[in-house]
file target-v9.cif (mmCIF, C-alpha atoms)
data_run
#
loop_
_atom_site.label_atom_id
_atom_site.label_comp_id
_atom_site.auth_asym_id
_atom_site.auth_seq_id
_atom_site.Cartn_x
_atom_site.Cartn_y
_atom_site.Cartn_z
CA MET A 1 0.00 0.00 0.00
CA THR A 2 1.27 3.46 -0.91
CA GLN A 3 1.61 5.88 1.98
CA THR A 4 1.51 9.60 1.28
CA LEU A 5 3.96 12.06 2.75
CA PRO A 6 2.33 15.00 4.63
CA ALA A 7 2.50 18.14 2.49
CA SER A 8 4.40 20.15 5.11
CA VAL A 9 7.10 17.48 5.46
CA GLN A 10 7.25 17.00 1.70
CA ARG A 11 7.89 20.71 1.17
CA LYS A 12 10.55 20.69 3.87
CA VAL A 13 12.43 17.81 2.25
CA ILE A 14 12.12 19.25 -1.25
CA ARG A 15 13.47 22.65 -0.18
CA ARG A 16 16.46 21.04 1.52
CA ILE A 17 17.45 18.26 -0.89
CA ILE A 18 16.35 19.17 -4.42
CA PRO A 19 18.19 22.51 -4.92
CA ILE A 20 21.54 20.90 -4.08
CA LEU A 21 20.96 17.93 -6.39
CA MET A 22 19.76 20.26 -9.15
CA LEU A 23 22.90 22.40 -8.88
CA MET A 24 25.10 19.29 -8.92
CA TYR A 25 23.46 17.96 -12.08
CA THR A 26 23.55 21.37 -13.75
CA MET A 27 27.27 21.75 -13.05
CA ALA A 28 27.94 18.20 -14.26
CA TYR A 29 26.17 18.71 -17.56
CA LEU A 30 27.66 22.14 -18.06
CA ASP A 31 31.11 20.55 -17.76
CA ARG A 32 30.10 17.87 -20.26
CA ILE A 33 28.59 20.07 -22.95
CA ASN A 34 30.54 23.32 -22.75
CA ILE A 35 33.15 21.58 -24.88
CA GLY A 36 30.58 21.83 -27.71
CA THR A 37 30.43 25.62 -27.34
CA ALA A 38 34.22 25.82 -27.02
CA ALA A 39 34.48 23.88 -30.30
CA LEU A 40 33.04 26.84 -32.21
CA ARG A 41 36.54 28.36 -31.97
CA MET A 42 38.68 25.73 -30.24
CA ASN A 43 38.72 23.23 -33.12
CA ALA A 44 40.21 25.72 -35.55
CA GLU A 45 42.75 27.02 -33.01
CA LEU A 46 43.97 23.54 -32.09
CA GLY A 47 43.72 22.27 -35.66
CA ILE A 48 41.48 19.28 -34.86
CA SER A 49 38.89 17.67 -37.13
CA GLN A 50 35.27 16.82 -36.30
CA GLN A 51 36.33 13.18 -35.96
CA VAL A 52 39.00 14.00 -33.36
CA PHE A 53 36.60 16.32 -31.54
CA GLY A 54 33.96 13.58 -31.46
CA LEU A 55 36.57 11.13 -30.18
CA ALA A 56 37.53 13.48 -27.34
CA ALA A 57 33.87 14.02 -26.44
CA GLY A 58 33.17 10.28 -26.49
CA LEU A 59 36.29 9.10 -24.66
CA PHE A 60 35.14 11.12 -21.66
CA PHE A 61 33.05 8.03 -20.94
CA ILE A 62 35.92 5.51 -20.89
CA GLY A 63 36.97 6.55 -17.39
CA TYR A 64 33.36 7.16 -16.44
CA LEU A 65 32.43 3.60 -17.42
CA ALA A 66 35.36 2.02 -15.58
CA MET A 67 34.53 3.76 -12.29
CA GLU A 68 30.72 3.90 -12.45
CA ILE A 69 29.74 0.85 -10.39
CA PRO A 70 32.67 1.11 -7.91
CA SER A 71 31.75 4.74 -7.36
CA ASN A 72 28.15 3.90 -6.46
CA ILE A 73 29.24 1.10 -4.12
CA ILE A 74 31.46 3.60 -2.28
CA LEU A 75 28.57 6.10 -2.22
CA HIS A 76 26.36 3.49 -0.55
CA ARG A 77 29.03 2.96 2.12
CA VAL A 78 30.14 6.52 2.88
CA GLY A 79 26.95 8.43 2.05
CA ALA A 80 25.87 10.88 -0.65
CA ARG A 81 27.06 13.99 1.20
CA VAL A 82 30.74 13.01 1.24
CA TRP A 83 30.97 11.13 -2.03
CA LEU A 84 28.95 13.46 -4.28
CA THR A 85 30.96 16.39 -2.92
CA ARG A 86 34.21 14.55 -3.67
CA ILE A 87 33.02 13.93 -7.22
CA MET A 88 32.24 17.60 -7.77
CA VAL A 89 35.50 18.98 -6.44
CA THR A 90 37.76 16.60 -8.39
CA TRP A 91 35.89 16.93 -11.67
CA GLY A 92 35.84 20.72 -11.32
CA LEU A 93 39.61 20.93 -10.90
CA ILE A 94 40.25 18.62 -13.87
CA SER A 95 37.71 20.47 -16.02
CA ALA A 96 39.49 23.76 -15.32
CA CYS A 97 42.70 22.18 -16.63
CA THR A 98 41.04 21.73 -20.04
CA ALA A 99 41.65 25.45 -20.56
CA PHE A 100 45.37 24.76 -20.99
CA VAL A 101 45.34 22.00 -23.65
CA GLN A 102 47.46 22.64 -26.75
CA ASN A 103 46.40 19.86 -29.12
CA GLY A 104 43.90 17.10 -29.77
CA TRP A 105 45.82 14.44 -27.81
CA GLN A 106 45.93 16.60 -24.68
CA LEU A 107 42.21 17.30 -25.05
CA ILE A 108 41.49 13.56 -25.25
CA ALA A 109 43.62 12.84 -22.14
CA VAL A 110 41.97 15.54 -20.03
CA ARG A 111 38.48 14.43 -21.10
CA MET A 112 39.25 10.84 -20.09
CA LEU A 113 40.45 12.01 -16.64
CA LEU A 114 37.31 14.11 -16.32
CA GLY A 115 35.22 10.97 -16.89
CA VAL A 116 37.05 9.15 -14.07
CA ALA A 117 36.41 12.06 -11.70
CA GLU A 118 32.71 12.43 -12.54
CA ALA A 119 31.84 8.71 -12.52
CA GLY A 120 28.85 7.83 -10.38
CA LEU A 121 27.26 11.26 -10.13
CA PHE A 122 24.02 10.69 -12.04
CA PRO A 123 23.12 7.24 -10.63
CA GLY A 124 24.19 8.62 -7.26
CA LEU A 125 21.59 11.38 -7.59
CA ILE A 126 18.91 8.82 -8.49
CA TYR A 127 19.90 6.67 -5.53
CA CYS A 128 19.76 9.72 -3.25
CA LEU A 129 16.25 10.54 -4.48
CA ALA A 130 15.19 6.94 -3.83
CA LEU A 131 16.29 7.36 -0.19
CA TRP A 132 14.22 10.52 0.29
CA PHE A 133 11.01 10.29 -1.75
CA PRO A 134 8.10 7.85 -2.19
CA PRO A 135 7.70 6.10 -5.57
CA GLY A 136 4.87 8.38 -6.71
CA LEU A 137 7.04 11.49 -6.31
CA ARG A 138 10.39 10.26 -7.59
CA GLY A 139 9.68 10.88 -11.27
CA ARG A 140 8.76 14.52 -10.70
CA MET A 141 11.62 15.07 -8.27
CA LEU A 142 14.04 13.60 -10.79
CA VAL A 143 12.62 15.91 -13.46
CA ILE A 144 13.21 18.94 -11.21
CA ALA A 145 16.70 17.77 -10.27
CA VAL A 146 17.75 17.24 -13.90
CA LEU A 147 16.11 20.27 -15.51
CA PRO A 148 18.47 21.21 -18.36
CA TRP A 149 19.59 24.55 -16.95
CA ALA A 150 23.09 23.70 -18.19
CA VAL A 151 21.79 24.09 -21.74
CA ILE A 152 19.10 26.72 -21.22
CA VAL A 153 21.29 29.12 -19.25
CA GLY A 154 24.75 27.60 -19.55
CA THR A 155 25.02 27.42 -23.34
CA PRO A 156 24.22 31.12 -23.95
CA MET A 157 26.45 32.04 -20.98
CA SER A 158 29.29 29.92 -22.35
CA ALA A 159 28.87 31.43 -25.81
CA ALA A 160 28.93 34.95 -24.35
CA ILE A 161 32.20 34.24 -22.50
CA VAL A 162 33.75 32.72 -25.64
CA GLN A 163 32.82 35.79 -27.67
CA TYR A 164 33.29 38.69 -25.25
CA ALA A 165 36.19 37.41 -23.12
CA ASP A 166 38.29 36.56 -26.14
CA GLY A 167 41.76 38.06 -25.68
CA LEU A 168 41.28 38.83 -21.98
CA PHE A 169 44.63 38.42 -20.16
CA GLY A 170 46.01 37.18 -23.48
CA PHE A 171 43.85 34.02 -23.51
CA SER A 172 41.28 32.81 -26.04
CA GLY A 173 37.67 33.17 -24.96
CA TRP A 174 37.05 29.42 -25.04
CA ARG A 175 39.95 28.86 -22.61
CA ILE A 176 38.60 31.43 -20.15
CA MET A 177 35.14 29.86 -20.39
CA LEU A 178 36.40 26.34 -19.62
CA PHE A 179 38.52 27.57 -16.70
CA VAL A 180 35.76 29.63 -15.05
CA GLU A 181 33.10 26.96 -15.47
CA GLY A 182 35.49 24.32 -14.12
CA LEU A 183 35.82 26.20 -10.84
CA LEU A 184 32.04 26.48 -10.26
CA PRO A 185 31.57 22.87 -8.99
CA VAL A 186 34.54 23.32 -6.65
CA LEU A 187 32.73 26.25 -5.03
CA LEU A 188 29.51 24.23 -4.88
CA GLY A 189 31.39 21.52 -3.00
CA PHE A 190 31.78 23.84 0.01
CA TYR A 191 27.99 24.21 0.10
CA SER A 192 27.07 20.55 -0.40
CA ILE A 193 29.42 19.22 2.30
CA ARG A 194 27.60 21.46 4.78
CA PHE A 195 23.97 21.17 3.72
CA LEU A 196 23.42 17.89 1.85
CA THR A 197 22.08 15.05 4.04
CA SER A 198 22.63 11.51 2.80
CA LYS A 199 19.38 9.95 4.08
CA PRO A 200 16.42 10.74 6.36
CA GLU A 201 17.82 8.79 9.29
CA GLY A 202 20.65 11.32 9.62
CA ALA A 203 18.63 14.53 9.12
CA ASP A 204 19.02 16.73 12.20
CA TRP A 205 16.66 19.25 10.55
CA LEU A 206 13.72 16.80 10.79
CA THR A 207 11.90 15.80 13.96
CA ASP A 208 11.77 12.11 14.89
CA GLU A 209 8.15 11.95 13.73
CA GLU A 210 8.99 13.60 10.42
CA LYS A 211 11.83 11.13 9.88
CA ARG A 212 9.42 8.25 10.50
CA GLN A 213 6.94 9.70 8.01
CA VAL A 214 9.59 10.20 5.31
CA ILE A 215 10.94 6.66 5.73
CA ALA A 216 7.45 5.09 5.75
CA ALA A 217 6.41 6.99 2.61
CA ARG A 218 9.71 6.20 0.89
CA ASP A 219 9.33 2.47 1.47
CA SER A 220 5.65 2.29 0.50
CA GLY A 221 4.96 0.72 -2.86
CA ASP A 222 8.44 -0.82 -3.08
CA ALA A 223 8.91 -4.55 -3.15
CA PRO A 224 9.55 -5.82 0.39
CA ALA A 225 13.21 -6.27 1.21
CA SER A 226 12.58 -9.45 3.17
CA VAL A 227 12.98 -13.05 2.38
CA GLY A 228 15.82 -13.90 0.22
CA GLU A 229 16.67 -11.03 -2.05
CA PRO A 230 18.15 -12.66 -5.19
CA PRO A 231 21.92 -12.49 -5.76
CA LEU A 232 23.09 -9.31 -7.44
CA ARG A 233 24.25 -11.17 -10.54
CA THR A 234 20.78 -12.70 -10.95
CA THR A 235 19.18 -9.27 -10.67
CA LEU A 236 21.51 -7.69 -13.23
CA LEU A 237 20.90 -10.49 -15.75
CA GLN A 238 17.11 -10.20 -15.69
CA PRO A 239 15.90 -9.82 -19.31
CA HIS A 240 13.70 -6.80 -18.56
CA LEU A 241 16.61 -4.95 -16.93
CA ILE A 242 18.89 -5.67 -19.90
CA LEU A 243 16.20 -4.44 -22.31
CA LEU A 244 15.68 -1.26 -20.30
CA SER A 245 19.44 -0.74 -20.22
CA LEU A 246 19.63 -1.08 -24.00
CA ALA A 247 16.75 1.38 -24.37
CA TYR A 248 18.56 3.84 -22.12
CA ALA A 249 21.70 3.42 -24.24
CA THR A 250 19.83 4.39 -27.41
CA ALA A 251 18.39 7.46 -25.65
CA GLN A 252 21.80 8.59 -24.42
CA MET A 253 23.33 8.09 -27.85
CA GLY A 254 21.00 10.74 -29.20
CA PHE A 255 20.84 12.96 -26.14
CA TYR A 256 24.56 13.40 -25.57
CA ALA A 257 25.41 13.67 -29.26
CA SER A 258 22.74 16.32 -29.77
CA LEU A 259 23.99 18.30 -26.76
CA ILE A 260 27.60 18.19 -27.95
CA PHE A 261 26.90 19.01 -31.59
CA THR A 262 23.87 21.34 -31.33
CA PRO A 263 25.97 24.56 -31.29
CA GLN A 264 27.84 23.41 -34.40
CA ILE A 265 24.62 22.19 -36.06
CA VAL A 266 23.03 25.59 -35.44
CA GLN A 267 26.12 27.29 -36.79
CA GLU A 268 25.79 25.08 -39.86
CA PHE A 269 22.15 26.19 -40.23
CA GLY A 270 23.38 29.76 -40.56
CA ARG A 271 25.63 28.82 -43.47
CA LEU A 272 23.02 26.61 -45.16
CA PHE A 273 20.20 29.14 -44.94
CA GLY A 274 22.27 32.27 -45.54
CA VAL A 275 21.91 33.69 -42.01
CA ALA A 276 24.92 35.36 -40.36
CA LEU A 277 25.01 34.16 -36.72
CA SER A 278 27.39 35.41 -34.03
CA THR A 279 28.68 33.07 -31.34
CA VAL A 280 26.17 34.48 -28.84
CA GLN A 281 23.28 34.05 -31.32
CA VAL A 282 24.35 30.46 -31.89
CA GLY A 283 24.31 29.92 -28.10
CA LEU A 284 20.83 31.42 -27.75
CA LEU A 285 19.38 29.39 -30.62
CA ALA A 286 21.03 26.24 -29.26
CA ALA A 287 19.21 26.78 -25.95
CA ILE A 288 15.72 26.88 -27.51
CA PRO A 289 15.36 23.07 -27.90
CA SER A 290 16.12 22.58 -24.20
CA VAL A 291 13.59 25.24 -23.14
CA PHE A 292 10.93 23.47 -25.19
CA GLY A 293 12.09 20.08 -23.95
CA MET A 294 11.92 21.22 -20.31
CA VAL A 295 8.27 22.28 -20.67
CA ILE A 296 7.23 19.11 -22.47
CA TYR A 297 8.98 16.65 -20.25
CA TRP A 298 7.72 18.26 -17.04
CA PHE A 299 4.12 17.68 -18.12
CA TRP A 300 4.97 14.31 -19.64
CA VAL A 301 6.58 12.88 -16.52
CA ALA A 302 3.99 14.48 -14.20
CA HIS A 303 1.30 12.71 -16.26
CA SER A 304 3.27 9.47 -16.01
CA ASP A 305 3.45 9.86 -12.21
CA ARG A 306 -0.28 10.61 -11.92
CA THR A 307 -1.32 7.63 -14.02
CA GLY A 308 1.42 5.30 -12.80
CA GLU A 309 2.09 4.34 -16.45
CA ARG A 310 5.69 4.28 -17.65
CA VAL A 311 6.00 1.97 -20.65
CA TRP A 312 3.86 3.79 -23.22
CA HIS A 313 5.05 7.18 -22.02
CA ALA A 314 8.63 6.11 -22.75
CA ILE A 315 7.72 4.61 -26.14
CA ALA A 316 5.90 7.79 -27.22
CA ALA A 317 8.90 9.88 -26.16
CA PHE A 318 11.27 7.84 -28.34
CA VAL A 319 8.93 8.14 -31.33
CA THR A 320 8.73 11.91 -30.77
CA ALA A 321 12.52 12.13 -30.89
CA ALA A 322 12.64 10.21 -34.17
CA ALA A 323 9.92 12.47 -35.64
CA GLY A 324 11.96 15.53 -34.63
CA ILE A 325 14.96 14.21 -36.54
CA GLY A 326 12.72 13.57 -39.56
CA ILE A 327 11.71 17.25 -39.58
CA LEU A 328 15.29 18.34 -38.98
CA VAL A 329 16.73 16.59 -42.03
CA SER A 330 13.78 16.98 -44.44
CA VAL A 331 12.58 20.60 -44.06
CA PRO A 332 15.17 23.14 -45.35
CA ASN A 333 14.23 26.00 -43.06
CA LEU A 334 15.97 27.50 -40.01
CA TYR A 335 12.81 27.63 -37.88
CA ALA A 336 11.69 24.13 -38.86
CA SER A 337 15.17 22.86 -38.02
CA ILE A 338 15.00 24.43 -34.55
CA ALA A 339 11.54 22.86 -34.12
CA GLY A 340 12.96 19.47 -35.10
CA LEU A 341 15.79 19.83 -32.58
CA SER A 342 13.19 20.79 -29.96
CA LEU A 343 11.15 17.62 -30.54
CA LEU A 344 14.35 15.56 -30.51
CA THR A 345 15.36 17.05 -27.16
CA ALA A 346 11.87 16.73 -25.65
CA GLY A 347 11.69 13.05 -26.57
CA LEU A 348 15.18 12.16 -25.39
CA VAL A 349 14.80 13.81 -21.99
CA SER A 350 11.29 12.44 -21.31
CA GLY A 351 11.85 8.79 -22.19
CA PRO A 352 14.80 8.11 -19.85
CA ILE A 353 12.92 9.43 -16.80
CA CYS A 354 10.26 6.75 -17.33
CA ILE A 355 12.99 4.15 -17.88
CA TRP A 356 14.59 5.06 -14.53
CA GLN A 357 11.21 4.59 -12.84
CA LEU A 358 10.92 1.10 -14.33
CA THR A 359 14.46 0.07 -13.41
CA GLY A 360 13.80 1.02 -9.77
CA VAL A 361 10.89 -1.43 -9.39
CA GLY A 362 11.65 -4.12 -6.82
CA VAL A 363 15.21 -3.08 -5.85
CA ARG A 364 16.56 -1.44 -2.69
CA GLY A 365 19.69 -0.57 -0.76
CA LYS A 366 23.03 -1.65 -2.20
CA THR A 367 21.23 -3.57 -4.97
CA ALA A 368 19.46 -0.38 -6.06
CA ALA A 369 22.73 1.57 -6.04
CA VAL A 370 24.40 -1.04 -8.26
CA VAL A 371 21.37 -1.42 -10.57
CA PHE A 372 21.22 2.33 -11.22
CA ALA A 373 24.96 2.39 -11.95
CA TYR A 374 24.62 -0.72 -14.15
CA VAL A 375 21.89 0.80 -16.30
CA ASN A 376 23.80 4.06 -16.54
CA CYS A 377 26.84 2.12 -17.81
CA PHE A 378 24.83 1.19 -20.91
CA GLY A 379 24.01 4.85 -21.38
CA ILE A 380 27.68 5.68 -21.03
CA VAL A 381 28.58 3.26 -23.83
CA GLY A 382 25.96 4.86 -26.08
CA SER A 383 27.21 8.35 -25.19
CA MET A 384 30.81 7.30 -25.80
CA PHE A 385 30.13 5.89 -29.25
CA SER A 386 27.76 8.42 -30.82
CA PRO A 387 29.84 11.66 -30.84
CA TYR A 388 32.75 9.93 -32.59
CA PHE A 389 30.43 8.27 -35.11
CA ILE A 390 28.61 11.51 -35.93
CA GLY A 391 31.88 13.43 -36.22
CA LEU A 392 33.22 10.74 -38.56
CA LEU A 393 30.10 10.88 -40.76
CA LYS A 394 30.26 14.68 -40.82
CA ASP A 395 33.88 14.59 -42.01
CA ARG A 396 33.06 11.94 -44.64
CA THR A 397 29.77 13.38 -45.98
CA GLY A 398 30.07 17.09 -45.21
CA SER A 399 26.65 17.00 -43.49
CA TYR A 400 25.12 16.04 -40.15
CA ASP A 401 22.14 14.36 -41.86
CA ALA A 402 23.57 10.83 -41.96
CA GLY A 403 24.46 10.92 -38.27
CA LEU A 404 21.05 12.32 -37.34
CA LEU A 405 19.24 9.59 -39.29
CA PHE A 406 21.31 7.03 -37.43
CA LEU A 407 20.11 8.55 -34.14
CA ALA A 408 16.49 8.39 -35.38
CA LEU A 409 16.84 4.65 -36.02
CA ALA A 410 18.40 4.24 -32.58
CA ALA A 411 15.44 6.05 -30.98
CA LEU A 412 12.94 3.76 -32.72
CA LEU A 413 14.95 0.75 -31.61
CA GLY A 414 14.79 2.12 -28.06
CA ALA A 415 10.98 2.19 -28.30
CA VAL A 416 11.03 -1.50 -29.25
CA PHE A 417 13.28 -2.34 -26.28
CA VAL A 418 10.94 -0.56 -23.85
CA TYR A 419 7.91 -2.37 -25.29
CA LEU A 420 9.59 -5.77 -24.87
CA ALA A 421 10.75 -4.88 -21.35
CA GLY A 422 7.20 -3.87 -20.42
CA ARG A 423 5.86 -7.23 -21.60
CA ARG A 424 8.45 -9.09 -19.53
CA MET A 425 7.70 -7.02 -16.43
CA ARG A 426 3.96 -7.65 -16.73
CA ARG A 427 4.58 -11.37 -17.05
CA GLN A 428 6.71 -11.31 -13.91
CA ALA A 429 4.07 -9.22 -12.10
CA LEU A 430 6.60 -6.43 -11.52
CA ILE A 431 4.06 -4.05 -13.04
CA ARG A 432 0.40 -4.77 -13.50
CA PRO A 433 -2.74 -3.19 -14.92
CA SER A 434 -4.64 -1.17 -12.35
CA ALA A 435 -8.37 -1.15 -11.85
CA ALA A 436 -8.18 2.57 -12.57
CA PRO A 437 -7.84 4.09 -16.06
CA ALA A 438 -7.02 1.79 -18.93
CA GLY A 439 -3.33 1.44 -19.65
CA ARG A 440 -2.26 2.44 -16.16
CA TYR A 441 0.42 0.43 -14.38
CA GLU A 442 1.57 0.23 -10.80
CA PRO A 443 4.49 -1.55 -9.19
CA ALA A 444 3.46 -5.00 -8.12
CA THR A 445 3.63 -5.73 -4.39
CA ARG A 446 4.61 -9.29 -3.73
#

call {"tool": "encode", "arguments": {"input": "target-v9.cif", "output": "structure tokens"}}
result
Amino acid sequence: MTQTLPASVQRKVIRRIIPILMLMYTMAYLDRINIGTAALRMNAELGISQQVFGLAAGLFFIGYLAMEIPSNIILHRVGARVWLTRIMVTWGLISACTAFVQNGWQLIAVRMLLGVAEAGLFPGLIYCLALWFPPGLRGRMLVIAVLPWAVIVGTPMSAAIVQYADGLFGFSGWRIMLFVEGLLPVLLGFYSIRFLTSKPEGADWLTDEEKRQVIAARDSGDAPASVGEPPLRTTLLQPHLILLSLAYATAQMGFYASLIFTPQIVQEFGRLFGVALSTVQVGLLAAIPSVFGMVIYWFWVAHSDRTGERVWHAIAAFVTAAAGIGILVSVPNLYASIAGLSLLTAGLVSGPICIWQLTGVGVRGKTAAVVFAYVNCFGIVGSMFSPYFIGLLKDRTGSYDAGLLFLALAALLGAVFVYLAGRRMRRQALIRPSAAPAGRYEPATR
């Protein structure tokens, strides 16, 4: 039975926990994607091709992949406050060092070290949310925590620094931008080590009764932790979890590649359609898809939480992303192209939220921490592969169209994976039809 959290306690927890997690995610994604804005001038200055740039962007995930599961195991042991703060400070310092690279090989090396430092952050945030919020709220809280402020605000800000700080102190604008934005998470670390609380049991800002209410609501609707939890290996090899992981990989292939290349794609629009765009204008136009995506996926995931349905919401999101790419490559117009990018972004941010809700069904504690990291590893592989592949196709064909069509096929394949995973989960009674509206699903209690 699902137990609701009193509104006053819910607001208290949200005000304390969500802003810190949101800032962490924003800083993390800013450090991932600002390389795309830097590339508007960095590639020419360093003399690197689109293929080498894509390789540097993708190899970020080599170190990330190697340390992902170990990082989440450590987080489970030492707590989110200490470990997430450690992640932020180390990745911030390494990111600032990117400002001093002199060639493509140095860029690749620094990006790989950055991946090692940042490993475990995103699944760690999901695990932290699972310790604080009941199942019916987690989707919306995850949406708030991962709102794409890094793109909406960060991309135009990054572009402005690249353009207007160029030559300051004798440095290129892109170097100043990378250095300044690398120091931001270090400063945030001083805040998080003081104010982030790992779990309700250790919250000195809640009364004993409020702690009891938060814990009871958190655990309601989850599969009971009693009686012989299956071995971790058995859990990780469940067909539905593998299918969801593959679906998440296809989503991340498109999402990360689009974030990295959107500034350059928009710049290409200017050349194709005869529009002269400054670096700042490119940054502003590149932020539009994320603004649109933020609005759509807030309502999409809120609707998914209200109905309890995840599978068809995720499938529709993947199809929306593929439709956006279809518009992007087939309609030769600047505004239609921005609209296509907006649909692509909306679909690829909405679908994964529903996937995370499905992967969390029936797992707790250390198992949950490892499962979230395991699924994210598949996403890392997708993110690692797609920038290099798109850069290679751009160098070979002179256009982004071939790479974008590949991402459309990947999105449709992701929809198929989610559908098959949903069928498996219904057969195993992990999700089941409710007596309420048709098509609604709820976690099975066994």

call {"tool": "closest_residue", "arguments": {"input": "target-v9.cif", "among": "A:Leu93, A:Ile355, A:Met67, A:Ile242", "to": "A:Leu184", "atoms": "all atoms listed in the file"}}
result
A:Leu93

call {"tool": "resolve_selection", "arguments": {"input": "target-v9.cif", "expression": "the PyMOL selection byres ((chain A and resi 88) around 8)", "output": "list in words"}}
result
Met24, Ala28, Leu84, Thr85, Arg86, Ile87, Val89, Thr90, Trp91, Gly92, Ala117, Glu118, Pro185, Val186, Leu188 and Gly189 of chain A

call {"tool": "resolve_selection", "arguments": {"input": "target-v9.cif", "expression": "the PyMOL selection byres ((chain A and resi 340-348) around 6)", "output": "number ranges by chain"}}
result
A: 251, 255, 289, 292-293, 317-318, 320-321, 324-325, 327-328, 337-339, 349-351

call {"tool": "closest_residue", "arguments": {"input": "target-v9.cif", "among": "A:Leu334, A:Ile152, A:Leu46, A:Met253", "to": "A:Leu272", "atoms": "only C-alpha atoms"}}
result
A:Leu334

call {"tool": "atom_distance", "arguments": {"input": "target-v9.cif", "atom1": "atom CA of A:Val375", "atom2": "atom CA of A:Ile353"}}
result
12.5 Å

call {"tool": "residues_around", "arguments": {"input": "target-v9.cif", "residues": "A:Tyr64", "least_positions_apart": "4", "cutoff": "6 Å", "atoms": "only C-alpha atoms", "output": "list in words"}}
result
Glu68, Gly115, Val116 and Ala119 of chain A

call {"tool": "atom_distance", "arguments": {"input": "target-v9.cif", "atom1": "atom CA of A:Gly54", "atom2": "atom CA of A:Phe389"}}
result
7.3 Å

call {"tool": "closest_residue", "arguments": {"input": "target-v9.cif", "among": "A:Asn333, A:Asn34, A:Ser198, A:Gln238", "to": "A:Met177", "atoms": "only C-alpha atoms"}}
result
A:Asn34

call {"tool": "closest_residue", "arguments": {"input": "target-v9.cif", "among": "A:Phe190, A:Ile94, A:Pro123, A:Ile108", "to": "A:Arg81", "atoms": "only C-alpha atoms"}}
result
A:Phe190

call {"tool": "closest_residue", "arguments": {"input": "target-v9.cif", "among": "A:Gly120, A:Gly170, A:Gly254, A:Gly182", "to": "A:Met27", "atoms": "all atoms listed in the file"}}
result
A:Gly182

call {"tool": "atom_distance", "arguments": {"input": "target-v9.cif", "atom1": "atom CA of A:Ala44", "atom2": "atom CA of A:Leu277"}}
result
17.4 Å

call {"tool": "residues_around", "arguments": {"input": "target-v9.cif", "residues": "A:Ser8", "least_positions_apart": "3", "cutoff": "12 Å", "atoms": "all atoms listed in the file", "output": "list in words"}}
result
Thr4, Leu5, Arg11, Lys12, Val13, Ile14, Arg15, Leu206, Glu210, Gln213 and Val214 of chain A

call {"tool": "closest_residue", "arguments": {"input": "target-v9.cif", "among": "A:Gln163, A:Thr207, A:Thr262, A:Asn72", "to": "A:Leu404", "atoms": "only C-alpha atoms"}}
result
A:Thr262

call {"tool": "resolve_selection", "arguments": {"input": "target-v9.cif", "expression": "the PyMOL selection byres ((chain A and resi 18) around 10)", "output": "MDAnalysis selection string"}}
result
chainID A and resid 13:17 19:24 125 129 141:142 144:146 196

call {"tool": "residues_around", "arguments": {"input": "target-v9.cif", "residues": "A:Glu268", "least_positions_apart": "2", "cutoff": "12 Å", "atoms": "all atoms listed in the file", "output": "VMD selection string"}}
result
chain A and resid 40 261 to 266 270 to 278 282 286 334 337 394 398 to 401

call {"tool": "write_last_selection", "arguments": {"input": "target-v9.cif", "atoms": "C-alpha atoms", "output": "PDB file, in the frame of the given file"}}
result
ATOM      1  CA  LEU A  40      33.040  26.840 -32.210  1.00  0.00           C
ATOM      2  CA  PHE A 261      26.900  19.010 -31.590  1.00  0.00           C
ATOM      3  CA  THR A 262      23.870  21.340 -31.330  1.00  0.00           C
ATOM      4  CA  PRO A 263      25.970  24.560 -31.290  1.00  0.00           C
ATOM      5  CA  GLN A 264      27.840  23.410 -34.400  1.00  0.00           C
ATOM      6  CA  ILE A 265      24.620  22.190 -36.060  1.00  0.00           C
ATOM      7  CA  VAL A 266      23.030  25.590 -35.440  1.00  0.00           C
ATOM      8  CA  GLY A 270      23.380  29.760 -40.560  1.00  0.00           C
ATOM      9  CA  ARG A 271      25.630  28.820 -43.470  1.00  0.00           C
ATOM     10  CA  LEU A 272      23.020  26.610 -45.160  1.00  0.00           C
ATOM     11  CA  PHE A 273      20.200  29.140 -44.940  1.00  0.00           C
ATOM     12  CA  GLY A 274      22.270  32.270 -45.540  1.00  0.00           C
ATOM     13  CA  VAL A 275      21.910  33.690 -42.010  1.00  0.00           C
ATOM     14  CA  ALA A 276      24.920  35.360 -40.360  1.00  0.00           C
ATOM     15  CA  LEU A 277      25.010  34.160 -36.720  1.00  0.00           C
ATOM     16  CA  SER A 278      27.390  35.410 -34.030  1.00  0.00           C
ATOM     17  CA  VAL A 282      24.350  30.460 -31.890  1.00  0.00           C
ATOM     18  CA  ALA A 286      21.030  26.240 -29.260  1.00  0.00           C
ATOM     19  CA  LEU A 334      15.970  27.500 -40.010  1.00  0.00           C
ATOM     20  CA  SER A 337      15.170  22.860 -38.020  1.00  0.00           C
ATOM     21  CA  LYS A 394      30.260  14.680 -40.820  1.00  0.00           C
ATOM     22  CA  GLY A 398      30.070  17.090 -45.210  1.00  0.00           C
ATOM     23  CA  SER A 399      26.650  17.000 -43.490  1.00  0.00           C
ATOM     24  CA  TYR A 400      25.120  16.040 -40.150  1.00  0.00           C
ATOM     25  CA  ASP A 401      22.140  14.360 -41.860  1.00  0.00           C
TER      26      ASP A 401
END

call {"tool": "residues_near_point", "arguments": {"input": "target-v9.cif", "point": "(26.7, 8.1, -27.2)", "cutoff": "9 Å", "atoms": "only C-alpha atoms", "output": "NGL selection string"}}
result
:A and (58 or 61 or 249-257 or 379-389)

call {"tool": "axis_aligned_box", "arguments": {"input": "target-v9.cif", "around": "stretch 417-420 of chain A", "padding_each_side": "5 Å", "output": "AutoDock Vina command-line options"}}
result
--center_x 10.6 --center_y -3.2 --center_z -25.1 --size_x 15.4 --size_y 15.2 --size_z 12.4
